[in-house]
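K.L.:
Provided below: data_31.cif, containing mmCIF, C-alpha atoms and all ligand atoms.
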```cif
data_model
#
loop_
_atom_site.label_atom_id
_atom_site.label_comp_id
_atom_site.auth_asym_id
_atom_site.auth_seq_id
_atom_site.Cartn_x
_atom_site.Cartn_y
_atom_site.Cartn_z
CA MET U 30 0.00 0.00 0.00
CA GLN U 31 1.35 3.40 -0.94
CA ILE U 32 2.46 5.60 1.95
CA LYS U 33 0.06 8.52 2.37
CA ASN U 34 1.24 12.11 2.50
CA ILE U 35 -0.06 13.77 5.64
CA ALA U 36 -0.41 17.49 6.36
CA VAL U 37 -0.66 18.49 10.01
CA LEU U 38 -2.27 21.84 10.80
CA ILE U 39 -1.30 23.31 14.14
CA SER U 40 -1.13 26.47 16.23
CA GLY U 41 0.93 25.52 19.25
CA SER U 42 3.33 23.14 20.90
CA GLY U 43 2.76 20.36 18.38
CA SER U 44 3.02 17.45 20.81
CA ASN U 45 0.32 15.64 18.81
CA LEU U 46 2.28 16.40 15.65
CA GLN U 47 5.32 14.84 17.33
CA ALA U 48 3.30 11.71 18.11
CA VAL U 49 2.41 11.41 14.41
CA ILE U 50 6.02 11.98 13.30
CA ASP U 51 7.26 9.36 15.76
CA ALA U 52 4.64 6.81 14.74
CA SER U 53 5.52 7.37 11.10
CA LEU U 54 9.24 6.93 11.73
CA LYS U 55 8.49 3.67 13.52
CA ASN U 56 6.33 2.58 10.57
CA GLU U 57 3.33 2.27 12.86
CA ILE U 58 1.12 4.17 10.43
CA ASN U 59 0.82 4.07 6.68
CA GLY U 60 1.77 7.71 6.27
CA LYS U 61 4.43 10.34 6.58
CA VAL U 62 4.15 13.97 7.59
CA SER U 63 4.99 15.93 4.44
CA VAL U 64 4.07 19.42 5.55
CA VAL U 65 3.16 21.27 8.75
CA ILE U 66 1.17 24.49 8.56
CA SER U 67 0.55 26.89 11.43
CA HIS U 68 -1.58 29.99 11.71
CA LYS U 69 0.60 31.16 14.61
CA LYS U 70 4.14 32.27 13.96
CA ASP U 71 5.66 31.15 17.26
CA ALA U 72 4.10 27.66 17.24
CA TYR U 73 6.75 25.31 18.59
CA GLY U 74 5.38 22.60 16.33
CA LEU U 75 7.06 24.39 13.40
CA GLU U 76 10.44 23.80 15.07
CA ARG U 77 9.58 20.16 15.64
CA ALA U 78 8.83 19.79 11.94
CA LYS U 79 12.10 21.49 10.89
CA LYS U 80 14.09 19.15 13.14
CA HIS U 81 12.72 16.29 11.05
CA ASN U 82 13.30 18.09 7.74
CA ILE U 83 9.59 18.48 7.21
CA ASP U 84 8.44 21.58 5.36
CA ALA U 85 7.19 23.94 8.11
CA ILE U 86 5.02 26.81 6.92
CA TYR U 87 3.61 29.75 8.82
CA LEU U 88 0.75 31.42 6.99
CA ASN U 89 -0.37 34.68 8.56
CA PRO U 90 -4.18 34.92 8.42
CA LYS U 91 -3.93 38.72 8.53
CA GLU U 92 -2.34 38.71 5.09
CA TYR U 93 -5.51 37.32 3.52
CA LYS U 94 -8.78 39.08 2.82
CA ASN U 95 -10.93 36.49 4.53
CA ASN U 96 -11.13 32.91 5.77
CA GLU U 97 -11.85 31.62 2.23
CA GLU U 98 -8.70 33.17 0.80
CA TYR U 99 -6.65 32.00 3.75
CA HIS U 100 -7.79 28.42 3.37
CA GLY U 101 -7.42 28.70 -0.40
CA ALA U 102 -3.74 29.40 0.22
CA ILE U 103 -3.50 26.37 2.49
CA ILE U 104 -5.15 24.18 -0.15
CA GLU U 105 -2.47 25.33 -2.62
CA LYS U 106 0.23 24.21 -0.20
CA LEU U 107 -1.50 20.87 0.26
CA LYS U 108 -1.62 20.40 -3.50
CA GLU U 109 2.09 21.25 -3.83
CA HIS U 110 2.82 18.46 -1.37
CA ASN U 111 0.37 15.97 -2.90
CA ILE U 112 -1.40 15.65 0.40
CA ASP U 113 -3.73 12.68 0.85
CA PHE U 114 -4.73 13.25 4.43
CA VAL U 115 -5.08 16.23 6.80
CA VAL U 116 -4.70 16.10 10.59
CA LEU U 117 -5.89 19.05 12.66
CA ALA U 118 -3.85 18.99 15.85
CA GLY U 119 -4.50 22.11 17.84
CA TYR U 120 -5.57 24.05 14.75
CA LEU U 121 -7.88 26.81 15.93
CA LYS U 122 -9.34 28.14 12.70
CA ILE U 123 -12.56 26.99 11.08
CA LEU U 124 -12.04 25.25 7.74
CA THR U 125 -14.09 26.52 4.81
CA LYS U 126 -16.82 24.46 3.11
CA ASP U 127 -14.62 24.24 0.03
CA PHE U 128 -11.71 22.82 2.06
CA VAL U 129 -13.90 20.25 3.77
CA LYS U 130 -15.42 19.20 0.44
CA LYS U 131 -12.05 18.84 -1.27
CA TYR U 132 -10.71 16.59 1.48
CA GLU U 133 -13.99 14.99 2.54
CA GLY U 134 -13.40 11.88 4.65
CA ARG U 135 -9.70 12.69 4.71
CA ILE U 136 -9.55 15.25 7.53
CA ILE U 137 -9.47 14.36 11.20
CA ASN U 138 -9.32 16.47 14.34
CA ILE U 139 -8.20 15.72 17.86
CA HIS U 140 -10.24 17.29 20.66
CA PRO U 141 -9.45 17.14 24.39
CA SER U 142 -12.89 16.17 25.70
CA LEU U 143 -15.52 13.48 25.33
CA ILE U 144 -17.46 14.94 22.42
CA PRO U 145 -20.37 15.93 22.45
CA LYS U 146 -19.41 17.34 25.84
CA TYR U 147 -17.22 20.45 26.11
CA CYS U 148 -16.69 21.02 22.42
CA GLY U 149 -17.61 23.52 19.75
CA LYS U 150 -17.03 27.23 19.68
CA GLY U 151 -14.89 28.57 22.53
CA PHE U 152 -13.82 25.16 23.82
CA TYR U 153 -10.12 24.94 23.19
CA GLY U 154 -6.92 24.58 25.20
CA ILE U 155 -7.10 24.88 28.96
CA LYS U 156 -10.66 26.30 28.73
CA VAL U 157 -11.93 22.81 28.00
CA HIS U 158 -10.43 21.35 31.16
CA GLU U 159 -11.50 24.31 33.25
CA ALA U 160 -15.09 23.82 32.10
CA VAL U 161 -14.91 20.08 32.80
CA ILE U 162 -13.74 20.73 36.37
CA ASN U 163 -16.31 23.49 36.93
CA GLY U 164 -18.94 21.09 35.61
CA ASN U 165 -18.09 18.66 38.43
CA GLU U 166 -17.51 15.89 35.94
CA LYS U 167 -16.22 12.56 37.22
CA GLU U 168 -14.60 11.67 33.93
CA THR U 169 -13.30 13.26 30.78
CA GLY U 170 -11.08 12.18 27.90
CA ALA U 171 -10.23 12.84 24.30
CA THR U 172 -11.84 12.28 20.92
CA VAL U 173 -10.61 11.90 17.36
CA HIS U 174 -13.26 12.59 14.75
CA PHE U 175 -13.66 13.26 11.06
CA VAL U 176 -14.07 16.91 10.22
CA ASP U 177 -17.26 18.13 8.61
CA GLU U 178 -18.57 21.66 8.16
CA GLY U 179 -19.44 22.11 11.84
CA THR U 180 -17.14 22.62 14.80
CA ASP U 181 -16.31 19.28 16.46
CA THR U 182 -19.42 17.69 14.93
CA GLY U 183 -18.03 15.06 12.53
CA LYS U 184 -18.25 11.29 12.92
CA ILE U 185 -16.31 10.02 15.92
CA ILE U 186 -13.49 7.60 15.16
CA ILE U 187 -12.22 6.91 18.67
CA GLN U 188 -12.67 8.13 22.23
CA GLU U 189 -10.84 7.30 25.41
CA LYS U 190 -11.82 8.20 28.96
CA LEU U 191 -10.07 8.89 32.22
CA SER U 192 -11.37 9.44 35.76
CA ILE U 193 -10.85 12.86 37.26
CA ASP U 194 -9.07 12.83 40.62
CA ILE U 195 -10.60 14.69 43.56
CA GLY U 196 -9.09 18.17 43.69
CA GLU U 197 -7.28 17.70 40.38
CA THR U 198 -6.19 20.97 38.78
CA LYS U 199 -7.09 21.89 35.22
CA GLU U 200 -3.38 21.93 34.30
CA HIS U 201 -2.85 18.42 35.64
CA LEU U 202 -5.94 17.20 33.86
CA GLN U 203 -4.78 18.81 30.63
CA LYS U 204 -1.51 16.90 30.84
CA ARG U 205 -3.20 13.57 31.46
CA VAL U 206 -5.69 14.13 28.63
CA LEU U 207 -2.82 15.09 26.32
CA ASP U 208 -1.22 11.68 26.94
CA ILE U 209 -4.48 10.06 25.84
CA GLU U 210 -4.59 12.31 22.77
CA HIS U 211 -1.16 11.16 21.63
CA SER U 212 -2.21 7.56 21.93
CA ILE U 213 -5.66 7.73 20.30
CA LEU U 214 -4.47 9.96 17.47
CA ILE U 215 -2.15 7.17 16.36
CA LYS U 216 -4.85 4.52 16.88
CA ALA U 217 -7.19 6.60 14.70
CA LEU U 218 -4.57 7.06 11.98
CA LYS U 219 -3.96 3.31 11.94
CA LYS U 220 -7.68 2.88 11.24
CA VAL U 221 -8.21 5.57 8.64
CA LEU U 222 -5.04 5.66 6.57
C1 LIG U 301 -4.50 19.54 22.17
O1 LIG U 301 -5.11 19.50 23.42
C2 LIG U 301 -5.55 19.35 21.10
O2 LIG U 301 -6.51 18.42 21.41
C3 LIG U 301 -6.13 20.71 21.07
O3 LIG U 301 -5.03 21.57 21.15
C4 LIG U 301 -3.98 20.92 21.86
C5 LIG U 301 -2.79 20.90 20.99
O4 LIG U 301 -1.67 20.41 21.64
N1 LIG U 301 -7.09 20.90 20.07
P1 LIG U 301 -0.33 20.17 20.85
O5 LIG U 301 -0.02 21.45 20.08
O6 LIG U 301 -0.52 19.00 19.95
O7 LIG U 301 0.72 19.93 21.91
#
```
Could I get this structure in the form of structure tokens?
P.N.:
Amino acid sequence: MQIKNIAVLISGSGSNLQAVIDASLKNEINGKVSVVISHKKDAYGLERAKKHNIDAIYLNPKEYKNNEEYHGAIIEKLKEHNIDFVVLAGYLKILTKDFVKKYEGRIINIHPSLIPKYCGKGFYGIKVHEAVINGNEKETGATVHFVDEGTDTGKIIIQEKLSIDIGETKEHLQKRVLDIEHSILIKALKKVL
């Protein structure tokens, strides 16, 4: 089976990106990361990509007229790299309808909660874990799902749970959920690639 070219879209640390790179290097998934694109200049994930000689691109949203043009520019980059599959790993922008259509069934997102809980607009980063703790939840987890035109609404591929400790801080919870993310992202890629 031909190795798939993966694009990872990020905005931050890129620890999920690292998990994908590592899995690819160990031949655990049928794909390799060919390009990493960030909408934030200082995203550490860009450095991670460079260390592995992966094309690392920062595209500044402010240089484009609107979200359509911005994502049009990303699509061009994906075409240049013959991308088969797109992974959103901490990407905070909303894809356009055109983007989703072009890569339908070939875009996945990782989200740090048990969707449908604590997802959608405004639920990102530490805010998710803060809301989970304020909601007195006993458990939380992470979800990998296909991306459709909504926010965190596409078909779920895999979910994994953990129990929240009494008095656990949002930062501690974030770290534990992140470990789950790294693991289920690879499990999901094994399934879908
Ligand atoms: C992860 O929690 C991911 O689920 C969320 O953003 C975070 C990105 O972390 N959407 P990293 O950049 O992969 O370290």
K.L.:
I need the residue nearest Glu97 (chain U) from this list: U:Lys184, U:Lys126, U:Arg135, U:Arg205. Use all atoms listed in the file for the distance.
P.N.:
U:Lys126
K.L.:
Need to verify the contact set: region 100-109 of chain U, 10 Å, all atoms listed in the file, exclusion of same-chain residues closer than 4 positions in sequence. Can you return it as a list of chain:residue names?
P.N.:
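So the residues in contact are U:Asn34, U:Ile35, U:Ala36, U:Leu38, U:Ser63, U:Val64, U:Val65, U:Ile66, U:Ser67, U:Ile86, U:Leu88, U:Pro90, U:Tyr93, U:Asn95, U:Asn96, U:Asp113, U:Phe114, U:Val115, U:Lys122, U:Ile123, U:Leu124, U:Thr125, U:Lys126, U:Asp127, U:Phe128, U:Lys131, U:Tyr132.
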K.L.:
Let me see if you get this right: every residue at most 9 Å from ligand LIG 301 (chain U), counting all atoms listed in the file, written as a PyMOL selection string.
P.N.:
chain U and resi 39-48+72-74+117-121+138-142+152-155+157+171-173+203-204+206-207+210-211
K.L.:
Next, the residues of the selection above should be written as a PDB file, in the coordinates of the input with C-alpha atoms.
P.N.:
```pdb
ATOM      1  CA  ILE U  39      -1.300  23.310  14.140  1.00  0.00           C
ATOM      2  CA  SER U  40      -1.130  26.470  16.230  1.00  0.00           C
ATOM      3  CA  GLY U  41       0.930  25.520  19.250  1.00  0.00           C
ATOM      4  CA  SER U  42       3.330  23.140  20.900  1.00  0.00           C
ATOM      5  CA  GLY U  43       2.760  20.360  18.380  1.00  0.00           C
ATOM      6  CA  SER U  44       3.020  17.450  20.810  1.00  0.00           C
ATOM      7  CA  ASN U  45       0.320  15.640  18.810  1.00  0.00           C
ATOM      8  CA  LEU U  46       2.280  16.400  15.650  1.00  0.00           C
ATOM      9  CA  GLN U  47       5.320  14.840  17.330  1.00  0.00           C
ATOM     10  CA  ALA U  48       3.300  11.710  18.110  1.00  0.00           C
ATOM     11  CA  ALA U  72       4.100  27.660  17.240  1.00  0.00           C
ATOM     12  CA  TYR U  73       6.750  25.310  18.590  1.00  0.00           C
ATOM     13  CA  GLY U  74       5.380  22.600  16.330  1.00  0.00           C
ATOM     14  CA  LEU U 117      -5.890  19.050  12.660  1.00  0.00           C
ATOM     15  CA  ALA U 118      -3.850  18.990  15.850  1.00  0.00           C
ATOM     16  CA  GLY U 119      -4.500  22.110  17.840  1.00  0.00           C
ATOM     17  CA  TYR U 120      -5.570  24.050  14.750  1.00  0.00           C
ATOM     18  CA  LEU U 121      -7.880  26.810  15.930  1.00  0.00           C
ATOM     19  CA  ASN U 138      -9.320  16.470  14.340  1.00  0.00           C
ATOM     20  CA  ILE U 139      -8.200  15.720  17.860  1.00  0.00           C
ATOM     21  CA  HIS U 140     -10.240  17.290  20.660  1.00  0.00           C
ATOM     22  CA  PRO U 141      -9.450  17.140  24.390  1.00  0.00           C
ATOM     23  CA  SER U 142     -12.890  16.170  25.700  1.00  0.00           C
ATOM     24  CA  PHE U 152     -13.820  25.160  23.820  1.00  0.00           C
ATOM     25  CA  TYR U 153     -10.120  24.940  23.190  1.00  0.00           C
ATOM     26  CA  GLY U 154      -6.920  24.580  25.200  1.00  0.00           C
ATOM     27  CA  ILE U 155      -7.100  24.880  28.960  1.00  0.00           C
ATOM     28  CA  VAL U 157     -11.930  22.810  28.000  1.00  0.00           C
ATOM     29  CA  ALA U 171     -10.230  12.840  24.300  1.00  0.00           C
ATOM     30  CA  THR U 172     -11.840  12.280  20.920  1.00  0.00           C
ATOM     31  CA  VAL U 173     -10.610  11.900  17.360  1.00  0.00           C
ATOM     32  CA  GLN U 203      -4.780  18.810  30.630  1.00  0.00           C
ATOM     33  CA  LYS U 204      -1.510  16.900  30.840  1.00  0.00           C
ATOM     34  CA  VAL U 206      -5.690  14.130  28.630  1.00  0.00           C
ATOM     35  CA  LEU U 207      -2.820  15.090  26.320  1.00  0.00           C
ATOM     36  CA  GLU U 210      -4.590  12.310  22.770  1.00  0.00           C
ATOM     37  CA  HIS U 211      -1.160  11.160  21.630  1.00  0.00           C
TER      38      HIS U 211
END
```
K.L.:
Pick from U:Ile58, U:Ile195, U:Val116, U:Ala217: nearest to Met30 (chain U), with all atoms listed in the file counted?
P.N.:
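Of U:Ile58, U:Ile195, U:Val116, U:Ala217, the one nearest Met30 (chain U), counting all atoms listed in the file, is U:Ile58.
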K.L.:
Point out the residue among U:His174, U:Lys55, U:Lys156, U:Gln31 with the least atom-to-atom distance to Gln188 (chain U), counting all atoms listed in the file.
P.N.:
U:His174
K.L.:
Using Å and a single decimal, report how far CA of Glu168 (chain U) sits from CA of Lys190 (chain U).
P.N.:
6.7 Å
K.L.:
If I wrap all listed atoms of region 179-190 of chain U in a box with edges along x, y and z and add 6 Å on each side, what are its centre and edge lengths in Å to one decimal, as AutoDock Vina command-line options?
P.N.:
```
--center_x -15.1 --center_y 14.8 --center_z 20.4 --size_x 20.6 --size_y 27.7 --size_z 29.1
```
